[in-house]
Structures are given as C-alpha cells and as structure tokens.
>>> print(open('work-v1.cif').read())   # mmCIF, N, CA and C atoms and all ligand atoms
data_start
#
loop_
_atom_site.label_atom_id
_atom_site.label_comp_id
_atom_site.auth_asym_id
_atom_site.auth_seq_id
_atom_site.Cartn_x
_atom_site.Cartn_y
_atom_site.Cartn_z
N MET A 104 -58.41 -35.94 -2.01
CA MET A 104 -58.18 -34.50 -2.10
C MET A 104 -58.53 -34.01 -3.50
N ASN A 105 -59.15 -32.88 -3.54
CA ASN A 105 -59.55 -32.22 -4.78
C ASN A 105 -58.31 -31.74 -5.54
N ASN A 106 -58.31 -31.90 -6.84
CA ASN A 106 -57.16 -31.53 -7.68
C ASN A 106 -56.82 -30.04 -7.61
N LYS A 107 -57.86 -29.20 -7.51
CA LYS A 107 -57.63 -27.75 -7.48
C LYS A 107 -56.90 -27.35 -6.20
N ILE A 108 -57.28 -27.98 -5.10
CA ILE A 108 -56.61 -27.69 -3.82
C ILE A 108 -55.15 -28.14 -3.90
N LEU A 109 -54.93 -29.31 -4.49
CA LEU A 109 -53.57 -29.83 -4.64
C LEU A 109 -52.73 -28.88 -5.49
N LEU A 110 -53.31 -28.40 -6.60
CA LEU A 110 -52.60 -27.44 -7.46
C LEU A 110 -52.25 -26.17 -6.70
N GLY A 111 -53.24 -25.72 -5.90
CA GLY A 111 -53.00 -24.50 -5.10
C GLY A 111 -51.85 -24.70 -4.16
N ILE A 112 -51.80 -25.84 -3.50
CA ILE A 112 -50.71 -26.12 -2.54
C ILE A 112 -49.37 -26.16 -3.27
N VAL A 113 -49.35 -26.81 -4.44
CA VAL A 113 -48.11 -26.88 -5.22
C VAL A 113 -47.64 -25.47 -5.61
N ALA A 114 -48.60 -24.64 -6.03
CA ALA A 114 -48.25 -23.27 -6.44
C ALA A 114 -47.65 -22.50 -5.28
N VAL A 115 -48.23 -22.63 -4.09
CA VAL A 115 -47.73 -21.91 -2.91
C VAL A 115 -46.31 -22.40 -2.58
N VAL A 116 -46.12 -23.72 -2.62
CA VAL A 116 -44.81 -24.28 -2.31
C VAL A 116 -43.77 -23.77 -3.30
N VAL A 117 -44.14 -23.73 -4.59
CA VAL A 117 -43.20 -23.24 -5.62
C VAL A 117 -42.86 -21.78 -5.38
N LEU A 118 -43.85 -20.98 -5.04
CA LEU A 118 -43.62 -19.55 -4.81
C LEU A 118 -42.70 -19.33 -3.61
N ILE A 119 -42.97 -20.06 -2.53
CA ILE A 119 -42.12 -19.95 -1.34
C ILE A 119 -40.68 -20.37 -1.69
N GLY A 120 -40.60 -21.45 -2.43
CA GLY A 120 -39.28 -21.93 -2.83
C GLY A 120 -38.54 -20.91 -3.66
N ALA A 121 -39.25 -20.30 -4.61
CA ALA A 121 -38.62 -19.29 -5.46
C ALA A 121 -38.18 -18.09 -4.62
N GLY A 122 -39.01 -17.69 -3.69
CA GLY A 122 -38.67 -16.56 -2.82
C GLY A 122 -37.43 -16.86 -1.99
N TYR A 123 -37.37 -18.07 -1.48
CA TYR A 123 -36.22 -18.47 -0.67
C TYR A 123 -34.95 -18.47 -1.54
N TYR A 124 -35.08 -19.03 -2.73
CA TYR A 124 -33.96 -19.09 -3.67
C TYR A 124 -33.42 -17.69 -3.96
N MET A 125 -34.34 -16.74 -4.21
CA MET A 125 -33.91 -15.38 -4.52
C MET A 125 -33.29 -14.70 -3.30
N SER A 126 -33.86 -14.97 -2.13
CA SER A 126 -33.33 -14.31 -0.94
C SER A 126 -31.95 -14.82 -0.59
N LYS A 127 -31.61 -16.02 -1.05
CA LYS A 127 -30.28 -16.56 -0.76
C LYS A 127 -29.22 -15.95 -1.66
N GLY A 128 -29.64 -15.11 -2.57
CA GLY A 128 -28.66 -14.40 -3.39
C GLY A 128 -28.41 -15.04 -4.73
N ALA A 129 -29.19 -16.11 -5.04
CA ALA A 129 -28.99 -16.73 -6.34
C ALA A 129 -29.44 -15.76 -7.43
N TYR A 130 -30.42 -14.96 -7.11
CA TYR A 130 -30.87 -13.94 -8.05
C TYR A 130 -30.24 -12.62 -7.61
N LYS A 131 -29.18 -12.30 -8.25
CA LYS A 131 -28.45 -11.10 -7.85
C LYS A 131 -28.10 -10.32 -9.09
N PRO A 132 -28.42 -9.04 -9.12
CA PRO A 132 -27.95 -8.26 -10.27
C PRO A 132 -26.43 -8.22 -10.26
N ALA A 133 -25.85 -8.22 -11.43
CA ALA A 133 -24.39 -8.18 -11.51
C ALA A 133 -23.88 -6.90 -10.87
N VAL A 134 -22.99 -7.05 -9.96
CA VAL A 134 -22.40 -5.88 -9.30
C VAL A 134 -20.99 -5.72 -9.82
N GLN A 135 -20.73 -4.59 -10.39
CA GLN A 135 -19.38 -4.32 -10.86
C GLN A 135 -18.51 -3.91 -9.68
N PRO A 136 -17.38 -4.56 -9.52
CA PRO A 136 -16.50 -4.12 -8.43
C PRO A 136 -16.04 -2.69 -8.70
N THR A 137 -16.10 -1.88 -7.68
CA THR A 137 -15.68 -0.49 -7.83
C THR A 137 -14.16 -0.45 -7.89
N PRO A 138 -13.62 0.12 -8.95
CA PRO A 138 -12.16 0.19 -8.98
C PRO A 138 -11.64 1.04 -7.83
N SER A 139 -10.63 0.54 -7.16
CA SER A 139 -10.10 1.25 -6.02
C SER A 139 -9.19 2.38 -6.47
N THR A 140 -9.46 3.55 -5.98
CA THR A 140 -8.59 4.68 -6.30
C THR A 140 -7.53 4.86 -5.22
N GLN A 141 -7.65 4.05 -4.17
CA GLN A 141 -6.72 4.19 -3.06
C GLN A 141 -5.44 3.42 -3.38
N THR A 142 -4.33 4.07 -3.24
CA THR A 142 -3.07 3.40 -3.47
C THR A 142 -2.41 3.11 -2.12
N ALA A 143 -1.68 2.05 -2.10
CA ALA A 143 -0.95 1.72 -0.88
C ALA A 143 0.12 2.79 -0.66
N ALA A 144 0.73 2.74 0.51
CA ALA A 144 1.80 3.68 0.79
C ALA A 144 2.80 3.62 -0.35
N ALA A 145 3.22 4.78 -0.76
CA ALA A 145 4.12 4.86 -1.92
C ALA A 145 5.28 3.89 -1.75
N PRO A 146 5.54 3.10 -2.79
CA PRO A 146 6.64 2.15 -2.68
C PRO A 146 7.97 2.88 -2.71
N ASN A 147 8.97 2.24 -2.19
CA ASN A 147 10.33 2.77 -2.21
C ASN A 147 10.42 4.15 -1.56
N THR A 148 9.68 4.31 -0.50
CA THR A 148 9.72 5.58 0.23
C THR A 148 10.22 5.33 1.65
N VAL A 149 11.16 6.16 2.07
CA VAL A 149 11.66 6.09 3.44
C VAL A 149 11.21 7.38 4.13
N THR A 150 10.55 7.20 5.24
CA THR A 150 10.11 8.35 6.01
C THR A 150 11.17 8.67 7.06
N VAL A 151 11.46 9.94 7.18
CA VAL A 151 12.40 10.38 8.22
C VAL A 151 11.56 11.03 9.32
N ASN A 152 11.60 10.41 10.48
CA ASN A 152 10.77 10.93 11.56
C ASN A 152 11.37 10.51 12.89
N ASN A 153 11.28 11.39 13.85
CA ASN A 153 11.73 11.08 15.21
C ASN A 153 13.18 10.59 15.21
N PHE A 154 14.01 11.27 14.42
CA PHE A 154 15.45 10.97 14.34
C PHE A 154 15.70 9.53 13.90
N ALA A 155 14.89 9.05 12.97
CA ALA A 155 15.09 7.68 12.48
C ALA A 155 14.57 7.58 11.05
N PHE A 156 15.15 6.62 10.32
CA PHE A 156 14.67 6.29 8.99
C PHE A 156 13.70 5.13 9.09
N ASP A 157 12.57 5.26 8.44
CA ASP A 157 11.55 4.21 8.51
C ASP A 157 11.09 3.85 7.10
N PRO A 158 11.35 2.65 6.61
CA PRO A 158 12.06 1.57 7.30
C PRO A 158 13.57 1.82 7.29
N PRO A 159 14.28 1.32 8.29
CA PRO A 159 15.73 1.54 8.31
C PRO A 159 16.44 0.76 7.20
N ALA A 160 15.86 -0.33 6.78
CA ALA A 160 16.44 -1.11 5.68
C ALA A 160 15.36 -1.33 4.63
N LEU A 161 15.72 -1.01 3.39
CA LEU A 161 14.76 -1.13 2.29
C LEU A 161 15.44 -1.83 1.13
N THR A 162 14.74 -2.75 0.52
CA THR A 162 15.28 -3.46 -0.64
C THR A 162 14.52 -3.03 -1.89
N VAL A 163 15.26 -2.65 -2.91
CA VAL A 163 14.65 -2.21 -4.17
C VAL A 163 15.34 -2.93 -5.32
N LYS A 164 14.85 -2.69 -6.51
CA LYS A 164 15.43 -3.29 -7.71
C LYS A 164 16.31 -2.26 -8.42
N VAL A 165 17.23 -2.78 -9.22
CA VAL A 165 18.08 -1.89 -10.01
C VAL A 165 17.19 -0.99 -10.86
N GLY A 166 17.49 0.28 -10.85
CA GLY A 166 16.71 1.24 -11.63
C GLY A 166 15.60 1.91 -10.83
N ASP A 167 15.36 1.40 -9.62
CA ASP A 167 14.30 2.00 -8.79
C ASP A 167 14.76 3.33 -8.20
N THR A 168 13.80 4.18 -7.99
CA THR A 168 14.06 5.46 -7.35
C THR A 168 13.52 5.41 -5.93
N VAL A 169 14.36 5.76 -4.99
CA VAL A 169 13.94 5.81 -3.59
C VAL A 169 13.68 7.26 -3.22
N THR A 170 12.60 7.47 -2.52
CA THR A 170 12.25 8.82 -2.08
C THR A 170 12.31 8.87 -0.55
N TRP A 171 13.04 9.81 -0.03
CA TRP A 171 13.05 10.06 1.41
C TRP A 171 12.19 11.29 1.68
N VAL A 172 11.36 11.20 2.67
CA VAL A 172 10.50 12.32 3.03
C VAL A 172 10.77 12.66 4.49
N ASN A 173 11.18 13.88 4.73
CA ASN A 173 11.42 14.28 6.12
C ASN A 173 10.11 14.75 6.75
N GLN A 174 9.66 13.99 7.72
CA GLN A 174 8.43 14.38 8.42
C GLN A 174 8.76 14.87 9.82
N ASP A 175 10.04 14.97 10.09
CA ASP A 175 10.46 15.39 11.42
C ASP A 175 10.43 16.92 11.51
N SER A 176 10.34 17.41 12.72
CA SER A 176 10.29 18.87 12.89
C SER A 176 11.67 19.50 12.80
N VAL A 177 12.70 18.66 12.75
CA VAL A 177 14.06 19.19 12.58
C VAL A 177 14.59 18.72 11.23
N GLY A 178 15.61 19.43 10.74
CA GLY A 178 16.17 19.11 9.44
C GLY A 178 17.08 17.90 9.50
N HIS A 179 17.08 17.13 8.41
CA HIS A 179 17.95 15.96 8.30
C HIS A 179 18.52 15.92 6.89
N THR A 180 19.59 15.14 6.74
CA THR A 180 20.11 14.90 5.40
C THR A 180 20.15 13.39 5.16
N ILE A 181 20.34 13.05 3.89
CA ILE A 181 20.49 11.66 3.48
C ILE A 181 21.88 11.60 2.85
N LYS A 182 22.82 10.98 3.55
CA LYS A 182 24.19 11.00 3.06
C LYS A 182 24.75 9.59 2.94
N GLY A 183 25.06 9.23 1.70
CA GLY A 183 25.71 7.96 1.45
C GLY A 183 26.93 8.18 0.59
N ASP A 184 27.58 7.10 0.19
CA ASP A 184 28.75 7.24 -0.68
C ASP A 184 28.34 7.76 -2.05
N ALA A 185 27.16 7.37 -2.50
CA ALA A 185 26.75 7.68 -3.86
C ALA A 185 25.82 8.88 -3.94
N PHE A 186 25.36 9.36 -2.80
CA PHE A 186 24.38 10.46 -2.83
C PHE A 186 24.50 11.27 -1.55
N ASN A 187 24.08 12.50 -1.65
CA ASN A 187 24.18 13.39 -0.50
C ASN A 187 23.15 14.48 -0.66
N SER A 188 22.14 14.44 0.15
CA SER A 188 21.05 15.40 -0.02
C SER A 188 21.41 16.71 0.66
N PRO A 189 20.76 17.78 0.23
CA PRO A 189 20.84 19.01 1.04
C PRO A 189 20.07 18.79 2.35
N LEU A 190 20.17 19.74 3.24
CA LEU A 190 19.41 19.64 4.49
C LEU A 190 17.91 19.70 4.14
N LEU A 191 17.23 18.65 4.54
CA LEU A 191 15.80 18.58 4.24
C LEU A 191 15.01 19.10 5.44
N GLN A 192 14.23 20.10 5.19
CA GLN A 192 13.34 20.58 6.25
C GLN A 192 12.06 19.74 6.24
N GLN A 193 11.26 19.95 7.25
CA GLN A 193 10.02 19.18 7.38
C GLN A 193 9.20 19.29 6.09
N GLY A 194 8.80 18.14 5.57
CA GLY A 194 7.97 18.10 4.37
C GLY A 194 8.76 18.01 3.09
N GLU A 195 10.08 18.19 3.18
CA GLU A 195 10.89 18.15 1.96
C GLU A 195 11.30 16.72 1.62
N LYS A 196 11.55 16.51 0.32
CA LYS A 196 11.86 15.17 -0.18
C LYS A 196 13.21 15.17 -0.87
N PHE A 197 13.79 13.97 -0.91
CA PHE A 197 15.01 13.75 -1.68
C PHE A 197 14.84 12.42 -2.39
N THR A 198 15.23 12.38 -3.66
CA THR A 198 15.12 11.12 -4.40
C THR A 198 16.48 10.75 -4.97
N PHE A 199 16.69 9.45 -5.08
CA PHE A 199 17.90 8.95 -5.72
C PHE A 199 17.55 7.67 -6.44
N THR A 200 18.06 7.56 -7.67
CA THR A 200 17.80 6.37 -8.48
C THR A 200 19.03 5.46 -8.42
N PHE A 201 18.80 4.23 -8.04
CA PHE A 201 19.90 3.27 -7.88
C PHE A 201 20.08 2.49 -9.19
N ALA A 202 21.23 2.73 -9.83
CA ALA A 202 21.47 2.16 -11.16
C ALA A 202 22.27 0.87 -11.08
N SER A 203 22.76 0.51 -9.91
CA SER A 203 23.55 -0.72 -9.82
C SER A 203 23.22 -1.46 -8.53
N LYS A 204 23.49 -2.76 -8.57
CA LYS A 204 23.23 -3.59 -7.40
C LYS A 204 24.22 -3.25 -6.29
N GLY A 205 23.80 -3.54 -5.09
CA GLY A 205 24.73 -3.35 -3.97
C GLY A 205 23.99 -3.00 -2.71
N THR A 206 24.75 -2.83 -1.67
CA THR A 206 24.21 -2.41 -0.38
C THR A 206 24.71 -1.01 -0.11
N PHE A 207 23.79 -0.11 0.07
CA PHE A 207 24.13 1.30 0.21
C PHE A 207 23.73 1.76 1.62
N ASN A 208 24.74 1.98 2.43
CA ASN A 208 24.48 2.50 3.78
C ASN A 208 24.47 4.02 3.72
N TYR A 209 23.66 4.61 4.54
CA TYR A 209 23.64 6.06 4.58
C TYR A 209 23.33 6.53 6.00
N ILE A 210 23.61 7.78 6.23
CA ILE A 210 23.37 8.38 7.53
C ILE A 210 22.74 9.75 7.32
N CYS A 211 22.39 10.38 8.42
CA CYS A 211 22.07 11.80 8.40
C CYS A 211 23.34 12.50 8.85
N SER A 212 23.86 13.40 8.01
CA SER A 212 25.14 14.02 8.36
C SER A 212 25.03 14.94 9.58
N VAL A 213 23.81 15.38 9.88
CA VAL A 213 23.62 16.22 11.07
C VAL A 213 23.58 15.35 12.32
N HIS A 214 23.01 14.17 12.18
CA HIS A 214 22.87 13.25 13.31
C HIS A 214 23.40 11.89 12.85
N PRO A 215 24.73 11.69 12.92
CA PRO A 215 25.31 10.46 12.33
C PRO A 215 24.83 9.18 12.99
N SER A 216 24.16 9.27 14.12
CA SER A 216 23.63 8.04 14.71
C SER A 216 22.39 7.54 13.95
N MET A 217 21.86 8.40 13.07
CA MET A 217 20.74 7.97 12.22
C MET A 217 21.32 7.18 11.05
N LYS A 218 20.94 5.94 10.96
CA LYS A 218 21.52 5.07 9.92
C LYS A 218 20.42 4.36 9.15
N GLY A 219 20.69 4.16 7.88
CA GLY A 219 19.77 3.40 7.04
C GLY A 219 20.54 2.63 5.99
N THR A 220 19.86 1.70 5.38
CA THR A 220 20.47 0.88 4.34
C THR A 220 19.48 0.70 3.20
N ILE A 221 19.99 0.87 1.99
CA ILE A 221 19.21 0.51 0.81
C ILE A 221 19.94 -0.67 0.15
N THR A 222 19.24 -1.77 -0.01
CA THR A 222 19.80 -2.90 -0.73
C THR A 222 19.19 -2.94 -2.12
N VAL A 223 20.06 -2.93 -3.12
CA VAL A 223 19.60 -2.94 -4.52
C VAL A 223 19.92 -4.30 -5.09
N GLU A 224 18.90 -4.98 -5.59
CA GLU A 224 19.13 -6.34 -6.12
C GLU A 224 18.56 -6.48 -7.51
CU CU B 301 19.23 14.17 11.16
#
>>> encode(input="work-v1.cif", output="structure tokens", more="lines below")
Ligand SMILES: [Cu+2]
Amino acid sequence: MNNKILLGIVAVVVLIGAGYYMSKGAYKPAVQPTPSTQTAAAPNTVTVNNFAFDPPALTVKVGDTVTWVNQDSVGHTIKGDAFNSPLLQQGEKFTFTFASKGTFNYICSVHPSMKGTITVE
C-alpha cells in the first residue's frame, strides 16, 4: 500500500473519531446552571380549606413563625391557648411566633370540629 493512501485513511479515521468524541458530549461548552427563582411552598404555612387545616399537624422549631392562610370560602379562626386570631375571611392570613417548645393544639372557634396541632421542638 502506498504511504499517501495510508496517511489519508489514518486522517479520515482520526476525523471520524474526533467527531464521535465531540458528539458524545466530551466537547461541551460550560453551561452555568440557571439559578432557580422558584421557591417551594412556603414553610411553616397551614392552609385552611374545606373546613380543615392542612397539614393538620405541623412541626416547627422554637422561634419559628407559623402562617395560617384561609383559602376557604367561609370564615375561620385559629384559636389555641396561646393565640386567637380574628375571623379570617378568604385570603386572609394569621401568623404566630412560637417562642417555646411544646405541643399546641388549636381549633376554629366557629367550627370546633376543625382541629390542628403545632409541635414546637
Ligand atoms: Cu372554621
């Protein structure tokens, strides 16, 4: 075999190999991960909906603030030994900061069958 033909074959093989290598992603421009602006559901939030607290039991840390949001079409309250909200209409919020450990049960004073618990640890 002629040397020039052999060189040509080697060159073609190298080019194909390089193309394959690049197509496999070895040659990749650095991609910066896009910082996510999306936040998870707000922590320490209890949704009031359909005559229920969701979640019915929530565990937080001392010093945390819990936010209740009434998404129900009727008014509800958040009533515990340590806190008592006004009647919350749809879309209204109530917050309470738990400064000590313990288990805090609460109800809706309008509908006492609605029960929830905040555990502070
Ligand atoms: Cu209620």
>>> residues_around(input="work-v1.cif", residues="Pro158 (chain A)", least_positions_apart="2", cutoff="6.5 Å", atoms="all atoms listed in the file", output="ChimeraX atom specification")
/A:148-150,156,160-161,219
>>> write_last_selection(input="work-v1.cif", atoms="N, CA and C atoms", output="CSV table (one decimal), in the coordinates of the input")
chain,number,residue,atom,x,y,z
A,148,THR,N,9.7,4.3,-0.5
A,148,THR,CA,9.7,5.6,0.2
A,148,THR,C,10.2,5.3,1.6
A,149,VAL,N,11.2,6.2,2.1
A,149,VAL,CA,11.7,6.1,3.4
A,149,VAL,C,11.2,7.4,4.1
A,150,THR,N,10.6,7.2,5.2
A,150,THR,CA,10.1,8.4,6.0
A,150,THR,C,11.2,8.7,7.1
A,156,PHE,N,15.2,6.6,10.3
A,156,PHE,CA,14.7,6.3,9.0
A,156,PHE,C,13.7,5.1,9.1
A,160,ALA,N,15.9,-0.3,6.8
A,160,ALA,CA,16.4,-1.1,5.7
A,160,ALA,C,15.4,-1.3,4.6
A,161,LEU,N,15.7,-1.0,3.4
A,161,LEU,CA,14.8,-1.1,2.3
A,161,LEU,C,15.4,-1.8,1.1
A,219,GLY,N,20.7,4.2,7.9
A,219,GLY,CA,19.8,3.4,7.0
A,219,GLY,C,20.5,2.6,6.0
>>> closest_residue(input="work-v1.cif", among="A:Ser212, A:Ser176, A:Asn147, A:Thr170", to="ligand CU 301 (chain B)", atoms="only N, CA and C atoms and all ligand atoms")
A:Ser212
>>> select_by_dssp(input="work-v1.cif", residues="region 174-224 of chain A", states="strand (DSSP E or B)", output="PyMOL selection string")
chain A and resi 179+182-183+187+191+196-200+205-210+218-223
>>> residues_around(input="work-v1.cif", residues="Asn152 (chain A)", least_positions_apart="2", cutoff="7 Å", atoms="only N, CA and C atoms", output="ChimeraX atom specification")
/A:150,154-157,172-176
>>> residues_near_ligand(input="work-v1.cif", ligand="ligand CU 301 (chain B)", cutoff="6 Å", atoms="only C-alpha atoms and all ligand atoms", output="list of chain:residue names")
A:Phe154, A:His179, A:Thr180, A:Cys211, A:Val213, A:His214
>>> atom_distance(input="work-v1.cif", atom1="CA of Ile210 (chain A)", atom2="CA of Lys182 (chain A)")
5.2 Å
>>> atom_distance(input="work-v1.cif", atom1="CA of Val177 (chain A)", atom2="CA of Val223 (chain A)")
28.5 Å
>>> decode(input="work-v1.cif", residues="region 185-217 of chain A", atoms="N, CA and C atoms", output="CSV table (one decimal), in the first residue's frame")
chain,number,residue,atom,x,y,z
A,185,ALA,N,-52.5,29.8,73.4
A,185,ALA,CA,-51.6,30.9,73.4
A,185,ALA,C,-51.9,32.0,72.3
A,186,PHE,N,-52.9,31.7,71.5
A,186,PHE,CA,-53.1,32.6,70.3
A,186,PHE,C,-54.6,32.5,70.0
A,187,ASN,N,-55.1,33.5,69.4
A,187,ASN,CA,-56.5,33.6,69.0
A,187,ASN,C,-56.7,34.6,67.9
A,188,SER,N,-56.9,34.1,66.7
A,188,SER,CA,-57.0,35.0,65.6
A,188,SER,C,-58.4,35.6,65.5
A,189,PRO,N,-58.5,36.8,64.8
A,189,PRO,CA,-59.8,37.2,64.4
A,189,PRO,C,-60.4,36.3,63.4
A,190,LEU,N,-61.6,36.5,63.0
A,190,LEU,CA,-62.2,35.7,62.0
A,190,LEU,C,-61.5,36.1,60.7
A,191,LEU,N,-61.0,35.0,60.1
A,191,LEU,CA,-60.2,35.2,58.8
A,191,LEU,C,-61.2,34.9,57.7
A,192,GLN,N,-61.3,35.9,56.8
A,192,GLN,CA,-62.1,35.7,55.6
A,192,GLN,C,-61.1,35.1,54.5
A,193,GLN,N,-61.8,34.7,53.5
A,193,GLN,CA,-61.0,34.1,52.4
A,193,GLN,C,-59.8,35.0,52.0
A,194,GLY,N,-58.6,34.4,51.9
A,194,GLY,CA,-57.4,35.1,51.5
A,194,GLY,C,-56.7,35.8,52.6
A,195,GLU,N,-57.3,35.8,53.8
A,195,GLU,CA,-56.6,36.5,55.0
A,195,GLU,C,-55.7,35.5,55.7
A,196,LYS,N,-54.7,36.1,56.3
A,196,LYS,CA,-53.7,35.3,57.0
A,196,LYS,C,-53.6,35.7,58.5
A,197,PHE,N,-53.1,34.7,59.2
A,197,PHE,CA,-52.8,35.0,60.6
A,197,PHE,C,-51.4,34.3,60.9
A,198,THR,N,-50.6,35.0,61.7
A,198,THR,CA,-49.3,34.5,62.0
A,198,THR,C,-49.1,34.5,63.5
A,199,PHE,N,-48.3,33.5,63.9
A,199,PHE,CA,-48.0,33.4,65.4
A,199,PHE,C,-46.6,32.9,65.5
A,200,THR,N,-45.8,33.5,66.3
A,200,THR,CA,-44.4,33.0,66.5
A,200,THR,C,-44.3,32.2,67.8
A,201,PHE,N,-43.8,31.0,67.7
A,201,PHE,CA,-43.7,30.1,68.8
A,201,PHE,C,-42.4,30.3,69.5
A,202,ALA,N,-42.4,30.8,70.7
A,202,ALA,CA,-41.2,31.1,71.5
A,202,ALA,C,-40.8,30.0,72.4
A,203,SER,N,-41.6,29.0,72.6
A,203,SER,CA,-41.2,27.9,73.5
A,203,SER,C,-41.6,26.6,72.9
A,204,LYS,N,-40.9,25.6,73.4
A,204,LYS,CA,-41.2,24.2,73.0
A,204,LYS,C,-42.6,23.8,73.5
A,205,GLY,N,-43.2,22.8,72.8
A,205,GLY,CA,-44.4,22.3,73.3
A,205,GLY,C,-45.3,21.8,72.2
A,206,THR,N,-46.4,21.3,72.6
A,206,THR,CA,-47.5,20.9,71.6
A,206,THR,C,-48.6,21.8,71.8
A,207,PHE,N,-49.0,22.5,70.7
A,207,PHE,CA,-50.0,23.5,70.8
A,207,PHE,C,-51.2,23.0,69.9
A,208,ASN,N,-52.3,22.7,70.6
A,208,ASN,CA,-53.5,22.3,69.8
A,208,ASN,C,-54.3,23.5,69.6
A,209,TYR,N,-55.0,23.5,68.5
A,209,TYR,CA,-55.9,24.7,68.2
A,209,TYR,C,-57.1,24.2,67.4
A,210,ILE,N,-58.1,25.1,67.4
A,210,ILE,CA,-59.3,24.8,66.7
A,210,ILE,C,-59.7,26.0,66.0
A,211,CYS,N,-60.8,25.9,65.2
A,211,CYS,CA,-61.5,27.0,64.7
A,211,CYS,C,-62.7,27.3,65.6
A,212,SER,N,-62.7,28.4,66.2
A,212,SER,CA,-63.8,28.7,67.2
A,212,SER,C,-65.2,28.7,66.6
A,213,VAL,N,-65.3,28.9,65.3
A,213,VAL,CA,-66.6,28.9,64.6
A,213,VAL,C,-67.0,27.4,64.3
A,214,HIS,N,-66.0,26.6,64.0
A,214,HIS,CA,-66.3,25.2,63.7
A,214,HIS,C,-65.3,24.4,64.6
A,215,PRO,N,-65.7,24.1,65.9
A,215,PRO,CA,-64.7,23.4,66.8
A,215,PRO,C,-64.3,22.0,66.4
A,216,SER,N,-65.0,21.5,65.4
A,216,SER,CA,-64.5,20.2,64.9
A,216,SER,C,-63.3,20.3,64.1
A,217,MET,N,-62.9,21.5,63.7
A,217,MET,CA,-61.7,21.7,62.9
A,217,MET,C,-60.5,21.8,64.0
